[in-house]
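J.: To be precise about what I am sending: the file is called upload-v2.txt and holds compact mmCIF, C-alpha atoms.
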```txt
# COMPACT_ATOMS: atom_id res chain seq x y z
CA MET A 23 11.14 3.21 -5.60
CA TRP A 24 11.24 1.69 -9.09
CA LYS A 25 13.90 -0.88 -10.02
CA LEU A 26 14.75 -2.40 -13.37
CA LYS A 27 13.08 -5.81 -13.78
CA GLN A 28 13.52 -6.71 -17.43
CA ILE A 29 14.19 -5.36 -20.92
CA PHE A 30 12.66 -6.97 -24.01
CA ASP A 31 14.31 -6.24 -27.34
CA GLY A 32 12.47 -5.19 -30.48
CA GLU A 33 11.13 -8.68 -31.21
CA TYR A 34 8.50 -8.46 -28.50
CA GLY A 35 5.94 -6.82 -30.78
CA CYS A 36 4.71 -7.11 -34.33
CA GLU A 37 4.44 -3.44 -35.28
CA GLU A 38 6.40 -2.40 -38.36
CA ARG A 39 9.01 0.36 -38.02
CA GLN A 40 9.00 3.42 -40.20
CA PRO A 41 12.08 4.03 -42.41
CA GLY A 42 14.96 5.37 -40.26
CA GLU A 43 13.10 4.66 -37.03
CA LYS A 44 15.22 3.15 -34.25
CA GLU A 45 14.31 -0.27 -32.93
CA LYS A 46 12.13 -0.05 -29.82
CA CYS A 47 12.54 -2.08 -26.64
CA LEU A 48 10.12 -2.66 -23.80
CA VAL A 49 11.42 -1.66 -20.37
CA ILE A 50 9.75 -3.15 -17.30
CA LEU A 51 10.28 -1.59 -13.87
CA ALA A 52 8.95 -2.92 -10.54
CA ASN A 53 8.65 -1.47 -7.06
CA GLU A 54 8.72 -3.04 -3.59
CA GLU A 55 4.91 -3.41 -3.59
CA GLY A 56 5.11 -5.68 -6.65
CA GLU A 57 3.63 -3.08 -9.02
CA GLU A 58 5.05 -2.82 -12.51
CA LYS A 59 5.62 0.11 -14.85
CA THR A 60 6.36 -0.39 -18.55
CA PHE A 61 7.39 1.95 -21.32
CA GLU A 62 8.99 1.84 -24.78
CA ALA A 63 12.46 3.23 -25.41
CA ASN A 64 14.75 3.06 -28.41
CA GLU A 65 17.80 0.83 -28.19
CA ASP A 66 20.28 3.75 -28.37
CA TRP A 67 18.69 5.36 -25.30
CA ILE A 68 18.87 2.10 -23.35
CA ALA A 69 22.44 1.39 -24.48
CA ALA A 70 23.57 4.87 -23.41
CA ILE A 71 22.12 4.50 -19.90
CA GLU A 72 23.52 0.98 -19.58
CA LYS A 73 26.98 2.27 -20.51
CA LEU A 74 26.66 5.27 -18.22
CA SER A 75 25.52 3.29 -15.16
CA ALA A 76 28.23 0.66 -15.66
CA ASN A 77 30.87 3.19 -14.56
CA PRO A 78 31.79 3.88 -10.89
CA LEU A 79 29.98 7.22 -10.92
CA MET A 80 30.46 9.62 -8.03
CA LYS A 81 27.96 12.30 -9.03
CA ILE A 82 25.12 12.64 -11.56
CA ILE A 83 23.09 15.73 -12.48
CA ILE A 84 19.85 15.15 -14.39
CA SER A 85 18.55 18.39 -15.88
CA LYS A 86 16.72 20.19 -18.71
CA PRO A 87 13.09 19.08 -18.18
CA MET A 88 11.12 18.35 -21.34
CA ALA A 89 8.04 20.25 -20.10
CA LYS A 90 7.62 23.46 -18.10
CA ASP A 91 5.18 21.79 -15.71
CA CYS A 92 7.61 18.97 -14.87
CA GLN A 93 7.36 18.14 -11.16
CA TYR A 94 11.13 18.08 -10.62
CA LYS A 95 13.40 20.74 -12.11
CA LYS A 96 16.55 18.70 -11.64
CA ILE A 97 17.81 15.60 -9.85
CA VAL A 98 21.26 15.34 -8.25
CA VAL A 99 22.54 11.82 -7.48
CA GLU A 100 25.65 11.38 -5.29
CA LYS A 101 27.64 8.34 -4.25
CA LYS A 102 27.44 7.92 -0.50
CA GLY A 103 28.87 4.91 1.26
CA ASP A 104 27.78 1.69 -0.43
CA GLY A 105 24.95 3.32 -2.37
CA TYR A 106 23.55 6.50 -3.83
CA GLN A 107 21.40 9.35 -2.56
CA ALA A 108 19.22 11.32 -4.98
CA ALA A 109 18.00 14.86 -4.27
CA LYS A 110 14.94 15.74 -6.37
CA TYR A 111 14.34 19.49 -6.62
CA THR A 112 10.95 21.12 -7.16
CA GLU A 113 10.45 24.89 -7.25
CA LYS A 114 10.42 25.15 -3.46
CA GLN A 115 11.31 21.75 -1.97
CA VAL A 116 13.76 18.89 -2.23
CA PHE A 117 12.97 15.19 -1.80
CA HIS A 118 15.45 12.37 -1.26
CA ASP A 119 15.78 8.75 -2.38
CA ASN A 120 18.41 6.26 -1.23
CA PHE A 121 19.27 3.17 -3.25
CA GLY A 122 22.03 0.67 -3.92
CA VAL A 123 24.62 0.66 -6.68
CA GLU A 124 22.87 -2.26 -8.35
CA ASP A 125 19.70 -0.16 -8.74
CA LEU A 126 21.35 2.82 -10.47
CA GLN A 127 20.42 1.78 -14.01
CA GLY A 128 16.74 1.32 -13.20
CA TYR A 129 16.64 4.57 -11.22
CA LEU A 130 18.11 6.55 -14.13
CA MET A 131 15.74 4.97 -16.64
CA GLU A 132 12.66 5.79 -14.56
CA ALA A 133 13.86 9.32 -13.75
CA ILE A 134 14.93 10.32 -17.26
CA HIS A 135 12.37 8.68 -19.56
CA ASP A 136 10.10 11.26 -21.24
CA THR A 137 11.09 13.77 -18.53
CA PHE A 138 14.67 15.05 -18.89
CA LEU A 139 16.91 15.76 -21.88
CA GLN A 140 20.36 16.03 -20.30
CA VAL A 141 22.53 14.02 -17.92
CA ASN A 142 26.02 14.95 -16.69
CA ALA A 143 27.97 12.43 -14.64
CA TRP A 144 31.45 12.05 -13.19
CA ASP A 145 33.66 9.28 -11.92
CA GLU A 146 37.16 9.79 -10.52
CA LYS A 147 38.73 10.31 -13.97
CA ARG A 148 36.05 11.13 -16.54
CA GLU A 149 33.02 13.29 -17.22
CA TYR A 150 30.06 11.89 -19.17
CA SER A 151 27.45 13.94 -21.04
CA LEU A 152 24.23 12.35 -22.22
CA LEU A 153 22.08 14.52 -24.50
CA ILE A 154 18.63 13.54 -25.73
CA SER A 155 16.87 15.49 -28.46
CA LYS A 156 13.12 16.07 -28.43
CA LYS A 157 12.88 13.59 -31.30
CA GLY A 158 14.69 10.95 -29.26
CA ALA A 159 18.19 11.12 -30.77
CA VAL A 160 20.79 10.14 -28.17
CA THR A 161 24.38 11.37 -27.85
CA LEU A 162 26.81 10.17 -25.18
CA ARG A 163 30.15 11.94 -24.88
CA THR A 164 33.11 11.20 -22.61
CA LYS A 165 36.09 13.36 -21.70
CA ALA A 166 38.82 13.45 -19.08
CA SER A 167 37.84 15.37 -15.98
CA LYS A 168 40.44 17.58 -14.31
CA GLU A 169 38.23 18.26 -11.31
CA ALA A 170 36.49 15.10 -10.13
CA PRO A 171 33.72 15.69 -7.57
CA ASP A 172 34.43 15.17 -3.88
CA THR A 173 33.67 11.70 -2.62
CA VAL A 174 31.15 11.51 0.21
CA THR A 175 31.54 8.22 1.98
CA GLU A 176 28.34 8.21 4.07
CA HIS A 177 24.71 9.32 3.71
CA ASN A 178 25.33 11.86 6.44
CA ARG A 179 28.72 13.18 7.36
CA LYS A 180 30.00 11.20 10.29
CA LYS A 181 29.02 12.60 13.65
CA ASN A 182 30.26 11.29 16.94
CA TYR A 183 27.01 10.32 18.63
CA ILE A 184 27.00 9.51 22.35
CA LEU A 185 24.84 6.48 21.59
CA ASP A 186 26.59 5.21 18.48
CA GLU A 187 26.26 2.30 16.14
CA GLY A 188 28.14 -0.81 17.17
CA GLN A 189 26.88 -0.58 20.75
CA VAL A 190 24.22 -3.20 21.44
CA ILE A 191 21.73 -1.17 23.52
CA PRO A 192 18.80 -3.46 24.48
CA PRO A 193 16.15 -0.71 24.84
CA LEU A 194 16.99 0.63 21.37
CA VAL A 195 16.74 -2.89 19.95
CA ASP A 196 13.28 -3.38 21.53
CA MET A 197 12.20 0.03 20.25
CA GLY A 198 13.10 -1.06 16.72
CA ILE A 199 15.78 1.60 16.33
CA PHE A 200 18.75 -0.78 16.47
CA THR A 201 19.14 -4.21 14.95
CA GLY A 202 20.34 -7.04 17.17
CA GLU A 203 23.88 -6.29 15.92
CA GLY A 204 23.74 -2.65 17.03
CA LYS A 205 23.10 -1.12 13.59
CA VAL A 206 20.61 1.70 13.09
CA VAL A 207 17.49 0.65 11.18
CA LYS A 208 17.43 3.01 8.18
CA SER A 209 13.78 4.00 8.60
CA MET A 210 14.44 4.90 12.27
CA TYR A 211 17.43 7.18 11.73
CA ASP A 212 15.47 10.34 12.61
CA LYS A 213 14.42 8.81 15.93
CA PHE A 214 18.01 7.72 16.54
CA ARG A 215 19.16 11.32 16.14
CA GLN A 216 16.34 12.66 18.34
CA ILE A 217 17.26 10.34 21.20
CA ASN A 218 20.93 11.27 20.86
CA ARG A 219 19.99 14.95 20.94
CA PHE A 220 18.16 14.41 24.24
CA ILE A 221 21.17 12.59 25.72
CA GLU A 222 23.44 15.40 24.49
CA MET A 223 21.31 17.91 26.43
CA ILE A 224 21.84 15.86 29.56
CA ASP A 225 25.52 15.32 28.84
CA ASP A 226 26.12 19.07 28.51
CA ALA A 227 24.81 19.57 32.04
CA ILE A 228 26.30 16.47 33.66
CA ARG A 229 29.86 17.47 32.77
CA GLU A 230 29.87 19.89 35.71
CA TYR A 231 28.46 17.30 38.12
CA LYS A 232 31.23 16.20 40.50
CA GLY A 233 29.64 13.19 42.18
CA GLU A 234 30.27 9.53 41.30
CA GLU A 235 26.68 8.57 42.18
CA ILE A 236 23.45 10.21 41.05
CA HIS A 237 19.83 9.91 42.23
CA ILE A 238 17.14 10.57 39.62
CA ILE A 239 13.35 10.92 39.73
CA ASP A 240 11.42 10.64 36.44
CA PHE A 241 7.90 12.04 36.86
CA GLY A 242 5.25 10.87 34.38
CA CYS A 243 7.64 8.29 32.93
CA GLY A 244 4.97 6.66 30.73
CA LYS A 245 6.39 3.81 28.65
CA SER A 246 9.87 4.93 29.76
CA TYR A 247 11.67 4.77 26.44
CA LEU A 248 13.97 7.61 27.42
CA THR A 249 14.14 6.47 31.06
CA PHE A 250 15.84 3.24 29.99
CA ILE A 251 18.14 5.14 27.64
CA MET A 252 19.14 7.54 30.44
CA TYR A 253 19.92 4.63 32.74
CA TYR A 254 22.11 3.07 30.05
CA TYR A 255 23.88 6.40 29.48
CA PHE A 256 24.73 6.91 33.15
CA THR A 257 25.78 3.34 33.89
CA GLU A 258 27.45 2.20 30.65
CA ILE A 259 28.84 5.43 29.20
CA ARG A 260 29.38 7.65 32.25
CA HIS A 261 30.13 4.63 34.48
CA MET A 262 28.27 6.20 37.37
CA LYS A 263 26.31 4.51 40.13
CA VAL A 264 22.65 5.35 39.65
CA GLN A 265 19.52 5.16 41.75
CA MET A 266 16.61 5.90 39.41
CA LEU A 267 12.88 5.93 40.08
CA GLY A 268 10.11 6.29 37.47
CA LEU A 269 6.69 7.47 38.60
CA ASP A 270 3.38 7.22 36.73
CA LEU A 271 -0.38 6.95 37.35
CA LYS A 272 -1.00 3.92 35.11
CA LYS A 273 -0.66 0.59 36.88
CA ASP A 274 -0.27 -1.53 33.73
CA VAL A 275 2.50 0.77 32.46
CA ILE A 276 4.38 0.53 35.76
CA GLU A 277 4.18 -3.28 35.76
CA LYS A 278 5.43 -3.45 32.17
CA CYS A 279 8.31 -1.08 32.87
CA ASN A 280 9.43 -3.05 35.94
CA ARG A 281 9.46 -6.24 33.88
CA ALA A 282 11.56 -4.53 31.22
CA ALA A 283 14.03 -3.21 33.81
CA GLU A 284 14.41 -6.73 35.16
CA LYS A 285 14.87 -8.10 31.64
CA TYR A 286 17.66 -5.59 30.91
CA GLY A 287 19.34 -6.24 34.25
CA TYR A 288 18.89 -2.62 35.33
CA ASP A 289 18.95 -3.39 39.04
CA ASP A 290 18.91 0.20 40.29
CA LEU A 291 16.00 1.31 38.10
CA ARG A 292 12.49 0.77 39.41
CA PHE A 293 9.02 2.12 38.76
CA GLU A 294 6.24 3.03 41.19
CA LEU A 295 2.58 3.96 40.94
CA GLY A 296 2.07 7.45 42.31
CA ASP A 297 1.05 11.07 41.85
CA ILE A 298 3.52 13.86 41.23
CA ASN A 299 1.74 16.17 43.64
CA GLY A 300 2.94 15.53 47.18
CA PHE A 301 5.27 12.66 46.31
CA GLN A 302 7.77 11.76 49.03
CA THR A 303 11.15 10.83 47.62
CA PRO A 304 13.01 7.82 49.09
CA PHE A 305 16.43 9.44 48.62
CA ASP A 306 18.15 12.79 48.17
CA VAL A 307 17.40 13.87 44.62
CA ASP A 308 20.12 15.08 42.25
CA MET A 309 18.09 15.18 39.02
CA VAL A 310 14.41 15.52 38.18
CA VAL A 311 13.11 14.61 34.73
CA THR A 312 9.56 15.28 33.62
CA LEU A 313 8.68 14.69 29.97
CA HIS A 314 5.15 15.56 28.89
CA ALA A 315 3.65 15.73 32.37
CA CYS A 316 0.23 17.13 31.51
CA ASP A 317 -0.79 20.68 32.39
CA THR A 318 -0.03 21.67 36.02
CA ALA A 319 1.62 18.30 36.71
CA THR A 320 4.73 19.94 35.25
CA ASP A 321 4.46 22.74 37.83
CA PHE A 322 4.13 20.32 40.74
CA ALA A 323 7.17 18.45 39.42
CA LEU A 324 9.17 21.68 39.21
CA TYR A 325 8.02 22.68 42.69
CA ASN A 326 9.10 19.33 44.12
CA ALA A 327 12.46 19.57 42.36
CA ILE A 328 13.09 22.99 43.87
CA THR A 329 12.05 21.99 47.39
CA TRP A 330 14.35 18.95 47.16
CA ASN A 331 17.16 21.24 46.02
CA ALA A 332 17.71 19.09 42.93
CA LYS A 333 20.92 19.94 41.13
CA MET A 334 19.47 19.46 37.63
CA ILE A 335 15.99 19.65 36.11
CA PHE A 336 14.93 18.54 32.64
CA SER A 337 11.29 19.27 31.81
CA VAL A 338 9.23 19.13 28.61
CA PRO A 339 5.84 20.69 29.45
CA CYS A 340 2.64 19.41 27.86
CA CYS A 341 -1.05 20.31 27.51
CA GLN A 342 -0.85 23.74 29.12
CA HIS A 343 -4.50 24.72 29.65
CA GLU A 344 -4.53 27.01 32.69
CA VAL A 345 -3.37 30.27 31.10
CA ASN A 346 -5.24 29.49 27.88
CA LYS A 347 -8.55 29.18 29.78
CA GLN A 348 -8.09 32.39 31.76
CA ILE A 349 -6.13 34.77 29.60
CA GLN A 350 -8.13 37.94 28.84
CA SER A 351 -6.82 41.14 27.37
CA GLU A 352 -8.38 43.85 25.26
CA ASP A 353 -4.95 45.41 24.75
CA TYR A 354 -3.59 42.16 23.28
CA SER A 355 -6.65 40.92 21.40
CA LEU A 356 -4.42 40.33 18.37
CA LEU A 357 -2.85 37.48 20.35
CA THR A 358 -6.06 36.04 21.78
CA ARG A 359 -8.54 36.33 18.91
CA TYR A 360 -7.53 33.10 17.13
CA GLY A 361 -7.64 29.83 19.02
CA ILE A 362 -4.38 28.28 17.83
CA ILE A 363 -2.43 31.54 18.34
CA LYS A 364 -3.96 31.98 21.79
CA GLU A 365 -3.06 28.39 22.69
CA ARG A 366 0.56 28.72 21.58
CA PHE A 367 0.99 32.17 23.11
CA SER A 368 -0.39 30.84 26.40
CA ALA A 369 1.99 27.88 26.31
CA LEU A 370 5.00 30.10 25.61
CA THR A 371 3.91 32.53 28.33
CA THR A 372 3.63 29.68 30.83
CA ASP A 373 7.07 28.33 29.94
CA ALA A 374 8.58 31.81 30.20
CA ILE A 375 7.13 32.16 33.71
CA ARG A 376 8.47 28.72 34.67
CA ALA A 377 11.94 29.53 33.38
CA ASN A 378 12.06 32.83 35.25
CA LEU A 379 10.87 31.18 38.46
CA LEU A 380 13.66 28.64 38.17
CA GLU A 381 16.19 31.44 37.64
CA CYS A 382 14.81 33.15 40.70
CA CYS A 383 15.22 29.95 42.71
CA GLY A 384 18.90 29.65 41.91
CA TYR A 385 18.94 27.74 38.60
CA LYS A 386 20.72 28.65 35.40
CA THR A 387 17.85 28.00 33.00
CA GLN A 388 17.72 27.43 29.25
CA LEU A 389 14.79 26.80 26.92
CA LEU A 390 15.83 24.37 24.19
CA GLU A 391 14.06 22.93 21.17
CA PHE A 392 13.22 19.28 21.72
CA ILE A 393 11.51 16.65 19.54
CA ASP A 394 10.35 13.68 21.56
CA PHE A 395 10.39 10.06 20.32
CA GLU A 396 6.60 9.85 20.28
CA HIS A 397 5.68 13.47 19.67
CA THR A 398 6.81 14.79 16.31
CA PRO A 399 5.76 18.46 16.79
CA LYS A 400 8.53 20.64 18.15
CA ASN A 401 8.46 21.20 21.91
CA ILE A 402 10.44 23.19 24.44
CA LEU A 403 12.73 21.49 26.91
CA ILE A 404 13.48 23.42 30.09
CA ARG A 405 17.01 22.66 31.28
CA ALA A 406 17.85 24.07 34.70
CA VAL A 407 21.15 23.57 36.54
CA HIS A 408 21.50 24.76 40.14
CA ARG A 409 24.18 27.33 40.74
CA PRO A 410 25.73 28.09 44.13
CA VAL A 411 25.32 31.86 43.95
CA LEU A 412 22.03 33.49 42.95
CA PRO A 413 22.39 36.92 41.32
CA SER A 414 20.31 39.48 43.19
CA SER A 415 18.90 40.71 39.89
CA ALA A 416 17.19 37.36 39.36
CA LYS A 417 14.90 37.81 42.36
CA LYS A 418 13.94 41.35 41.33
CA THR A 419 13.13 40.24 37.79
CA ILE A 420 10.31 37.95 38.92
CA PHE A 421 8.86 39.57 41.99
CA SER A 422 9.32 43.30 41.53
CA GLY A 423 6.17 43.44 39.43
CA SER A 424 4.09 40.86 41.31
CA GLY A 425 0.39 41.59 41.11
CA LYS A 426 -2.86 40.44 39.65
CA HIS A 427 -2.05 41.40 36.08
CA VAL A 428 0.95 41.43 33.75
CA GLN A 429 0.43 44.24 31.23
CA GLY A 430 -3.31 43.66 31.18
CA ILE A 431 -3.13 39.86 30.99
CA SER A 432 -4.83 38.13 33.90
CA LEU A 433 -2.63 35.39 35.38
CA ARG A 434 -3.52 35.43 39.08
CA ALA A 435 -5.54 32.20 39.07
CA ASN A 436 -2.82 30.28 37.23
CA PRO A 437 -1.27 27.56 39.47
CA VAL A 438 2.16 28.64 38.25
CA TYR A 439 1.60 32.02 39.88
CA ILE A 440 0.36 30.41 43.10
CA ILE A 441 3.47 28.21 43.21
CA ALA A 442 5.55 31.33 42.64
CA GLU A 443 4.06 32.90 45.76
CA ARG A 444 4.81 29.75 47.75
CA LEU A 445 8.39 29.82 46.48
CA GLN A 446 8.88 33.47 47.31
CA SER A 447 9.16 32.69 51.00
CA MET A 448 11.98 30.24 50.24
CA ILE A 449 14.27 32.81 48.58
CA VAL A 450 15.74 35.26 51.02
```
For the file at hand, write its structure as structure tokens.
T.:
Amino acid sequence: MWKLKQIFDGEYGCEERQPGEKEKCLVILANEEGEEKTFEANEDWIAAIEKLSANPLMKIIISKPMAKDCQYKKIVVEKKGDGYQAAKYTEKQVFHDNFGVEDLQGYLMEAIHDTFLQVNAWDEKREYSLLISKKGAVTLRTKASKEAPDTVTEHNRKKNYILDEGQVIPPLVDMGIFTGEGKVVKSMYDKFRQINRFIEMIDDAIREYKGEEIHIIDFGCGKSYLTFIMYYYFTEIRHMKVQMLGLDLKKDVIEKCNRAAEKYGYDDLRFELGDINGFQTPFDVDMVVTLHACDTATDFALYNAITWNAKMIFSVPCCQHEVNKQIQSEDYSLLTRYGIIKERFSALTTDAIRANLLECCGYKTQLLEFIDFEHTPKNILIRAVHRPVLPSSAKKTIFSGSGKHVQGISLRANPVYIIAERLQSMIV
């Protein structure tokens, strides 16, 4: 973003002015990369913007583009907290800039010069109108404003996050999301919201959990960013006793995670090297978490969770190849002709089967949109909470049509289907 560096008055050059021509000044702007941008502007134009930006403005609308092909059709600047946020509107999109009060003058100069002809601005008592003719004549008018714009005190309206600023959360500090004082790093605010959204999904389910202690298995924990955050949530916010075990196939990752758990003082969180398939749990399991367990590893994790009678399951499937490799249907060739459509349809089909199997096995199941810390594309999170009474309709929904094909789509060889058959004997 460009900031005002310096203004040279009309003595900087030796060119003679034409009769009636306003004295020109040289404006120098600079950005954070050290690059400079210079342009000439008449002294009336500069004086008007200096006067305008010297006021405690709450809202500014920059409009009336000089050219039809101007990139931005208008810019709306609003006071938020200790600074400003600018919304730059194209024909179809809007882009945002955030900057401090001290940078307002430079921002206006860069945005308006040779681009816009009108600026309207408001403070708590007055309205300002800056008009610029195509020949460069400048008019600045001021009048009392009966309806001052609403004051917005923060960049985003305050939301009560479960993991909020002011809490010093060591894993978030190491992840670069929090400063050492517990403040959100501005460039990491999206990640901060994503992590809070994940914790909110857990919190919604945990409210009905009656126990004071909880045992958790995290399959395919990887670098365990969210594993550490979950442990903090249960111990420091829910004040519950937790036994938590992370499982992964990478030895170096497990060693690193155990060192981190020791560093944070998370005594009841440990990590082990092991495979999801056939894993023997060291305790009765209340919750199973599996985030981005590849392909059928998700299915083995779900199968284990069901056989352990886990009370809650949180699963984000990943890399679902089985149905995609085997799906064949002349009747539905519209869905299988194009690779990316076939891949996504197969993934959604697999998740739908998983969700229905969980319903059939006694779980109230929801499919929620989830954006992981490391994976920016949108994913589905399967949230399943065990319920004491299984509706009879749930069993019929899955197994009444069991066979080799579902409406012409071959699924028999899919491991999900095989697991379904193994589960069928468990539900009487």
J.: Counting only C-alpha atoms, figure out which residue out of A:Leu370, A:Gln265, A:Met252, A:Ala227 gets nearest to A:Val407.
T.: A:Ala227
J.: Could you work out how far atom CA of A:Val264 lies from atom CA of A:Ile236, giving the answer in Å with one decimal?
T.: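 Computing the Euclidean distance for atom CA of A:Ile236 and atom CA of A:Val264 yields 5.1 Å.
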J.: Counting all atoms listed in the file, what are the residues of stretch 70-168 of chain A within 10 Å of stretch 50-61 of chain A, and for each of them which pair of atoms is the nearest and at what distance in Å, to one decimal? Sort the table by chain and rising number, as a tab-separated table.
T.:
```
residue	atom	partner	partner_atom	distance
A:Gly128	CA	A:Leu51	CA	7.1
A:Tyr129	CA	A:Leu51	CA	9.2
A:Met131	CA	A:Leu51	CA	9.0
A:Glu132	CA	A:Leu51	CA	7.8
A:His135	CA	A:Phe61	CA	8.6
A:Asp136	CA	A:Phe61	CA	9.7
```
J.: Sorted by chain and rising residue number, which residues of stretch 313-351 of chain A lie within 8 Å of stretch 373-384 of chain A, and what are their closest atom pairs and distances in Å to one decimal, counting all atoms listed in the file, as CSV?
T.:
```
residue,atom,partner,partner_atom,distance
A:Asp321,CA,A:Arg376,CA,7.9
A:Ile328,CA,A:Cys383,CA,7.4
A:Pro339,CA,A:Asp373,CA,7.8
```
J.: Could you check how far atom CA of A:Cys92 sits from atom CA of A:Ala108, in Å to one decimal?
T.: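 Value for the atom CA of A:Cys92-atom CA of A:Ala108 distance: 17.1 Å.
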J.: Excluding A:Tyr211 and residues on its chain fewer than 2 positions from it, collect all residues at most 12 Å away from it, counting all atoms listed in the file, and give them as a list in words.
T.: His177, Asn178, Asp186, Glu187, Leu194, Gly198, Ile199, Phe200, Thr201, Lys205, Val206, Val207, Lys208, Ser209, Lys213, Phe214, Arg215, Gln216, Ile217, Asn218 and Phe395 of chain A
J.: First collect every listed atom of stretch 339-344 of chain A; then fit an axis-aligned box around them, widen it by 3 Å on each side, and give centre and edge lengths in Å to one decimal, as JSON.
T.:
```
{"center_x": 0.7, "center_y": 23.2, "center_z": 30.1, "size_x": 16.4, "size_y": 13.6, "size_z": 11.2}
```
J.: Smallest atom-to-atom distance to A:Glu391: which of A:Ala283, A:Val190, A:Val338, A:Leu130, using all atoms listed in the file?
T.: A:Val338
J.: In Å to one decimal, how far is atom CA of A:Ile404 from atom CA of A:Ile335?
T.: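 One can read the atom CA of A:Ile335 to atom CA of A:Ile404 distance as 7.5 Å.
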J.: So, counting all atoms listed in the file, which residue among A:Cys341, A:Ile239, A:Ala63, A:Leu389 is closest to A:Phe305?
T.: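 Closest to A:Phe305, using all atoms listed in the file: A:Ile239.
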